[in-house]
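In what follows, a single structure is set out as structure tokens and then discussed.
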There are 2 protein chains.
Amino acid sequence: MSAVAITGIGELVTADPLLGDGSALGLLVDAALVVEGEQVLWVGPATAVPQADHAVDLAGRAVLPGFVDSHAHLIFAGDRSGDFEGRMAGGSYTPSGIRSTVAATRAATDEQLAARASSLVAEMLRQGTTTVEIKSGYGLTVHHEARALAIAQALTPETTFLGAHVVAPEHVDDPGAYVDLVCGPMLDACAPYARWIDVFCERGAFDADQARRVLGAGVAAGLLPRVHANQLGPGPGVQLACELGAASADHCTHVTGADVDALVQSGTVATLLPGVEFSTRSPWSDARRLLDEGVTVALATDCNPGTSFTSSMPLGIALAVREMGMSAAEAVWAATAGGARALRRTDIGRLSPGARADLLVLDAPSYVHLAYRPGVPLTAAVWQRGRPVIPVAG
Amino acid sequence: MSAVAITGIGELVTADPLLGDGSALGLLVDAALVVEGEQVLWVGPATAVPQADHAVDLAGRAVLPGFVDSHAHLIFAGDRSGDFEGRMAGGSYTPSGIRSTVAATRAATDEQLAARASSLVAEMLRQGTTTVEIKSGYGLTVHHEARALAIAQALTPETTFLGAHVVAPEHVDDPGAYVDLVCGPMLDACAPYARWIDVFCERGAFDADQARRVLGAGVAAGLLPRVHANQLGPGPGVQLACELGAASADHCTHVTGADVDALVQSGTVATLLPGVEFSTRSPWSDARRLLDEGVTVALATDCNPGTSFTSSMPLGIALAVREMGMSAAEAVWAATAGGARALRRTDIGRLSPGARADLLVLDAPSYVHLAYRPGVPLTAAVWQRGRPVIPVAG
């Protein structure tokens, strides 16, 4: 294996608190990084960089770990820009809108779904996202959920079975029968393609008992739990996630003091999704409160056609700083190391020796520019598994 | 001159109400467009496209006029990410922050300023902005203002003399003397490089009498007036702009009923700058009110290192829809035809025969995606003066 020295790093976010300035971001200035194979071999000051076979000079640019987007729904067909415009003109969001995407998704071919998902993963990569979690949840039959996960598994190891997204249209009059289906034949068909089990625990979707059944069945089948919790109003989702030791409770827009305590006690990550609040004009999650109480916070896009059709982690960072009380440092940590925690991964979301060499090079001198320059595409280059998948131009 | 037929346009925003669906956006579906030299020669249904020498198929993508960013400050040096972080942590914005950029700008070489500005214009072009206005205002001496405008003039014909941005640090004890300088030797040195005269009429910058003197002197020197008005609080800026027949009153965050009436009567464009409100955490301009009262509204970035270091017109559109009560159609009109009105240009901001062939091709089926997909770089291609400056990939 040949080693590549990446030099001229004006600011390096290692997201390893044992490195650099000792902050959570583990910042180094005037740094270098050596990649060997798929991994980071060495990180340190530019003046001390060891010999390598090749060298790339970044001319003072900032480098951070590739974003870890731990919550996305990419297996779908159709468009809900009409719903979006209606909401912006004063309409409201309910989970039932999911069913229009279900109809379009069922009607699409495998090839159409794979092409759309693959195009979104490529769009994410261009914006610096090197790991993405992908959920099912727009099929809602045994066949359509399993094919969604098979398509997802070709794109990422972080696949999530979300048969319990909403009750399938065929079962609206008998939600119990749908939960039986999800926990039985659908889970059997989907488990081989999934790492995670998820449920939308919300009024209009699944209640606490139903959610507990779904997650329990998933865990019994070897999947790891995560929960869509407390998005549209207060509810039992966060507590359930914590009780079951879920890796993450996602949304956390409406949380009580007891919810916050449970998150702290269980170590469950609160994954905040500012794109949803932006595109549904909902109240913002209070990241400041969660952080101040000691909760681990991740940021993700929730990329989906209904409530958050953005693939942009930088926008999430900018919104978290503008609207949720996070500092730029906290937001960047949440979008990298925080996302890795939410996926129980230790090999990504940091740039220290032994980590996977997934890195984002910014056309900017500091990670702060991700918040300071909202909306601006700042990707100068992206490396994934040690390879420059988007090389530095010029 | 050879003609190029651009076919396969899924949705064409002409921004000419005499075309297409008769709305302000003049929408055509399944359209084509023929470019000859620097101009649009023909627009119409794909089925009726005339013969051309070459053809480009856009495979159903949406096309709109290139954005017209009618308010930007691109001639500067230094960085104010520290100010930004302080504000996000609870600090407030005052015009005095401008002076730190003035110090850095004066210290920079011509080459450094030109390289930075040129890089920002290129960044804008990649996001679909084909016309940008550029102001001086970070020099504040005769020499430094004139060189800023000489640099700007190499990048755009829409150059604006903004010696009256704030009182120069040398003159803080005698603002009157600074206004004398701006209206005398500075104007003499700058007028050859400028099309527009502008003033920051605000508490902490220039009052109504000072602003009137500056604008009057500029007009007497052959420049056209525009005004930074009513950004930080209510004030005389909007009324002054209207009284002088300015092309645009920019910001308009704090306006009274009388201000709105004056805008309607004078036809002065209200140029709204959502990036500023985003990055200073200020109240949002009420576009809905202005539109409902009959004011012509433009959107621009106000790209500058202090209060809005974004070059993204798509972000401005998304914010205008989320926060200012505009529909996606109104926001896209404001970012194209509206910007052209704010610059008194009839050759840009529309795609109808005779217009300049400046166009943005989206990786999306509709202009609505500019709001529906916030933060996502949607540029598939950009044509400027009839040439594909960013070609369609693949």
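We name chains A, B, ... following the order of the structure tokens; residues begin at 1 in each chain, and ligands are numbered from 1 as shown.
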Neighbour list for Ala270 of chain B as a list of chain:residue names, cut-off 10 Å, only C-alpha atoms, skip fewer than 5 positions in-chain: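 Near Ala270 of chain B, the qualifying residues are B:Ala229, B:Val238, B:Ala247, B:Ser248, B:Ala249, B:Asp250, B:His251, B:Cys252, B:Thr253, B:Val260, B:Leu263, B:Val264, B:Ala287, B:Leu290, B:Leu291, B:Val295, B:Thr296, B:Val297, B:Ala298, B:Leu299, B:Ala334, B:Gly338, B:Gly339, B:Ala342.
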Contact set, chain A to chain B: 7 Å, only C-alpha atoms, as an NGL selection string: :A and (81 or 84 or 88 or 281 or 309-312 or 315 or 321-322 or 368 or 372-377)
DSSP alpha helix (DSSP H) residues within segment 66-265 of chain B, listed as a ChimeraX atom specification: /B:81-88,98-107,110-126,142-153,175-181,187-190,208-220,237-243,257-265
Contacts of Lys135 of chain A within 12 Å, only C-alpha atoms, excl. fewer than 4 positions in-chain, as a VMD selection string: chain A and resid 69 to 76 117 139 145 to 153 155 to 165 190 193 to 200 226 to 228 302 to 304
Selection near Pro236 of chain A, 8 Å with only C-alpha atoms, sequence-local residues under 6 positions removed, as a PyMOL selection string: chain A and resi 201+207-208+229-230
Interatomic distance (Å, one decimal) between atom CA of Gly8 of chain B and atom CA of Ala46 of chain B: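 Pair atom CA of Gly8 of chain B / atom CA of Ala46 of chain B returns 7.0 Å.
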Strand (DSSP E or B) per DSSP on the backbone: members of segment 156-352 of chain A, as a VMD selection string: chain A and resid 159 to 164 196 to 201 206 224 to 229 248 to 251 269 to 272 297 to 299 303 to 304 308
Non-local contacts of segment 15-32 of chain A (9 Å; only C-alpha atoms; under 3 positions in same chain excluded) as a PyMOL selection string: chain A and resi 5-12+42-49+60+62+64-65+329-330+332-333+336-337+349-352
Could you save those same residues with N, CA and C atoms as a PDB file, in the first residue's frame?
```
ATOM      1  N   ALA A   5       0.635  11.788   1.506  1.00  0.00           N
ATOM      2  CA  ALA A   5       0.674  12.868   2.497  1.00  0.00           C
ATOM      3  C   ALA A   5      -0.177  14.022   1.991  1.00  0.00           C
ATOM      4  N   ILE A   6      -1.155  14.422   2.802  1.00  0.00           N
ATOM      5  CA  ILE A   6      -1.988  15.579   2.463  1.00  0.00           C
ATOM      6  C   ILE A   6      -1.464  16.741   3.301  1.00  0.00           C
ATOM      7  N   THR A   7      -0.851  17.691   2.638  1.00  0.00           N
ATOM      8  CA  THR A   7      -0.176  18.789   3.346  1.00  0.00           C
ATOM      9  C   THR A   7      -0.898  20.112   3.062  1.00  0.00           C
ATOM     10  N   GLY A   8      -0.413  21.159   3.712  1.00  0.00           N
ATOM     11  CA  GLY A   8      -1.002  22.477   3.484  1.00  0.00           C
ATOM     12  C   GLY A   8      -2.414  22.591   4.015  1.00  0.00           C
ATOM     13  N   ILE A   9      -2.723  21.841   5.069  1.00  0.00           N
ATOM     14  CA  ILE A   9      -4.056  21.928   5.680  1.00  0.00           C
ATOM     15  C   ILE A   9      -4.046  23.120   6.645  1.00  0.00           C
ATOM     16  N   GLY A  10      -4.771  24.164   6.299  1.00  0.00           N
ATOM     17  CA  GLY A  10      -4.781  25.365   7.138  1.00  0.00           C
ATOM     18  C   GLY A  10      -5.382  25.091   8.502  1.00  0.00           C
ATOM     19  N   GLU A  11      -6.432  24.303   8.497  1.00  0.00           N
ATOM     20  CA  GLU A  11      -7.119  23.948   9.754  1.00  0.00           C
ATOM     21  C   GLU A  11      -7.642  22.527   9.604  1.00  0.00           C
ATOM     22  N   LEU A  12      -7.291  21.681  10.536  1.00  0.00           N
ATOM     23  CA  LEU A  12      -7.737  20.290  10.482  1.00  0.00           C
ATOM     24  C   LEU A  12      -8.657  19.999  11.662  1.00  0.00           C
ATOM     25  N   TRP A  42      -1.532   8.858   9.939  1.00  0.00           N
ATOM     26  CA  TRP A  42      -0.840   9.836  10.783  1.00  0.00           C
ATOM     27  C   TRP A  42      -1.514  11.188  10.641  1.00  0.00           C
ATOM     28  N   VAL A  43      -1.533  11.935  11.731  1.00  0.00           N
ATOM     29  CA  VAL A  43      -2.057  13.301  11.749  1.00  0.00           C
ATOM     30  C   VAL A  43      -1.130  14.128  12.611  1.00  0.00           C
ATOM     31  N   GLY A  44      -0.788  15.333  12.172  1.00  0.00           N
ATOM     32  CA  GLY A  44       0.074  16.159  13.020  1.00  0.00           C
ATOM     33  C   GLY A  44       0.441  17.468  12.362  1.00  0.00           C
ATOM     34  N   PRO A  45       1.392  18.176  12.949  1.00  0.00           N
ATOM     35  CA  PRO A  45       1.799  19.462  12.380  1.00  0.00           C
ATOM     36  C   PRO A  45       2.508  19.278  11.033  1.00  0.00           C
ATOM     37  N   ALA A  46       2.280  20.236  10.140  1.00  0.00           N
ATOM     38  CA  ALA A  46       2.854  20.151   8.791  1.00  0.00           C
ATOM     39  C   ALA A  46       4.372  20.007   8.839  1.00  0.00           C
ATOM     40  N   THR A  47       4.982  20.589   9.856  1.00  0.00           N
ATOM     41  CA  THR A  47       6.457  20.567   9.941  1.00  0.00           C
ATOM     42  C   THR A  47       6.989  19.172  10.261  1.00  0.00           C
ATOM     43  N   ALA A  48       6.135  18.281  10.711  1.00  0.00           N
ATOM     44  CA  ALA A  48       6.613  16.967  11.160  1.00  0.00           C
ATOM     45  C   ALA A  48       6.099  15.825  10.297  1.00  0.00           C
ATOM     46  N   VAL A  49       5.572  16.139   9.116  1.00  0.00           N
ATOM     47  CA  VAL A  49       4.934  15.097   8.307  1.00  0.00           C
ATOM     48  C   VAL A  49       5.964  14.043   7.870  1.00  0.00           C
ATOM     49  N   GLY A  60      -3.672  25.663   2.285  1.00  0.00           N
ATOM     50  CA  GLY A  60      -4.285  26.379   3.405  1.00  0.00           C
ATOM     51  C   GLY A  60      -5.751  26.097   3.640  1.00  0.00           C
ATOM     52  N   ALA A  62      -9.262  24.242   4.779  1.00  0.00           N
ATOM     53  CA  ALA A  62      -9.680  23.483   5.966  1.00  0.00           C
ATOM     54  C   ALA A  62     -10.100  22.071   5.563  1.00  0.00           C
ATOM     55  N   LEU A  64     -12.056  18.499   7.217  1.00  0.00           N
ATOM     56  CA  LEU A  64     -12.821  17.895   8.305  1.00  0.00           C
ATOM     57  C   LEU A  64     -13.230  16.484   7.914  1.00  0.00           C
ATOM     58  N   PRO A  65     -13.671  15.676   8.881  1.00  0.00           N
ATOM     59  CA  PRO A  65     -14.153  14.343   8.513  1.00  0.00           C
ATOM     60  C   PRO A  65     -15.337  14.468   7.560  1.00  0.00           C
ATOM     61  N   ALA A 329     -18.797  25.061  16.037  1.00  0.00           N
ATOM     62  CA  ALA A 329     -18.011  23.892  16.458  1.00  0.00           C
ATOM     63  C   ALA A 329     -18.924  22.740  16.878  1.00  0.00           C
ATOM     64  N   GLU A 330     -19.948  23.057  17.657  1.00  0.00           N
ATOM     65  CA  GLU A 330     -20.880  22.003  18.087  1.00  0.00           C
ATOM     66  C   GLU A 330     -21.624  21.404  16.894  1.00  0.00           C
ATOM     67  N   VAL A 332     -20.639  21.281  13.703  1.00  0.00           N
ATOM     68  CA  VAL A 332     -19.747  20.454  12.877  1.00  0.00           C
ATOM     69  C   VAL A 332     -19.455  19.125  13.583  1.00  0.00           C
ATOM     70  N   TRP A 333     -19.274  19.156  14.881  1.00  0.00           N
ATOM     71  CA  TRP A 333     -19.080  17.905  15.627  1.00  0.00           C
ATOM     72  C   TRP A 333     -20.316  17.013  15.456  1.00  0.00           C
ATOM     73  N   THR A 336     -20.572  15.172  12.157  1.00  0.00           N
ATOM     74  CA  THR A 336     -19.484  14.220  11.847  1.00  0.00           C
ATOM     75  C   THR A 336     -19.422  13.161  12.962  1.00  0.00           C
ATOM     76  N   ALA A 337     -18.758  13.509  14.055  1.00  0.00           N
ATOM     77  CA  ALA A 337     -18.635  12.569  15.169  1.00  0.00           C
ATOM     78  C   ALA A 337     -20.004  12.204  15.747  1.00  0.00           C
ATOM     79  N   GLY A 349     -16.306   9.660  11.128  1.00  0.00           N
ATOM     80  CA  GLY A 349     -16.677  10.844  11.903  1.00  0.00           C
ATOM     81  C   GLY A 349     -15.517  11.435  12.680  1.00  0.00           C
ATOM     82  N   ARG A 350     -14.320  10.961  12.432  1.00  0.00           N
ATOM     83  CA  ARG A 350     -13.110  11.521  13.049  1.00  0.00           C
ATOM     84  C   ARG A 350     -11.972  11.345  12.070  1.00  0.00           C
ATOM     85  N   LEU A 351     -10.916  12.122  12.258  1.00  0.00           N
ATOM     86  CA  LEU A 351      -9.711  11.972  11.429  1.00  0.00           C
ATOM     87  C   LEU A 351      -8.522  11.828  12.360  1.00  0.00           C
ATOM     88  N   SER A 352      -8.371  10.637  12.891  1.00  0.00           N
ATOM     89  CA  SER A 352      -7.194  10.349  13.697  1.00  0.00           C
ATOM     90  C   SER A 352      -6.690   8.970  13.267  1.00  0.00           C
TER      91      SER A 352
END
```
Distance of atom CA of Gly37 of chain A from atom CA of Gly354 of chain A, expressed in Å to one decimal place: 10.8 Å
Option closest in space to Arg345 of chain A, from A:Thr131, A:Thr14, A:Ser119, A:Thr109 [counting only C-alpha atoms]: A:Thr131
For atom CA of Thr129 of chain B and atom CA of Ala154 of chain B, the interatomic separation in Å (one decimal): 16.7 Å
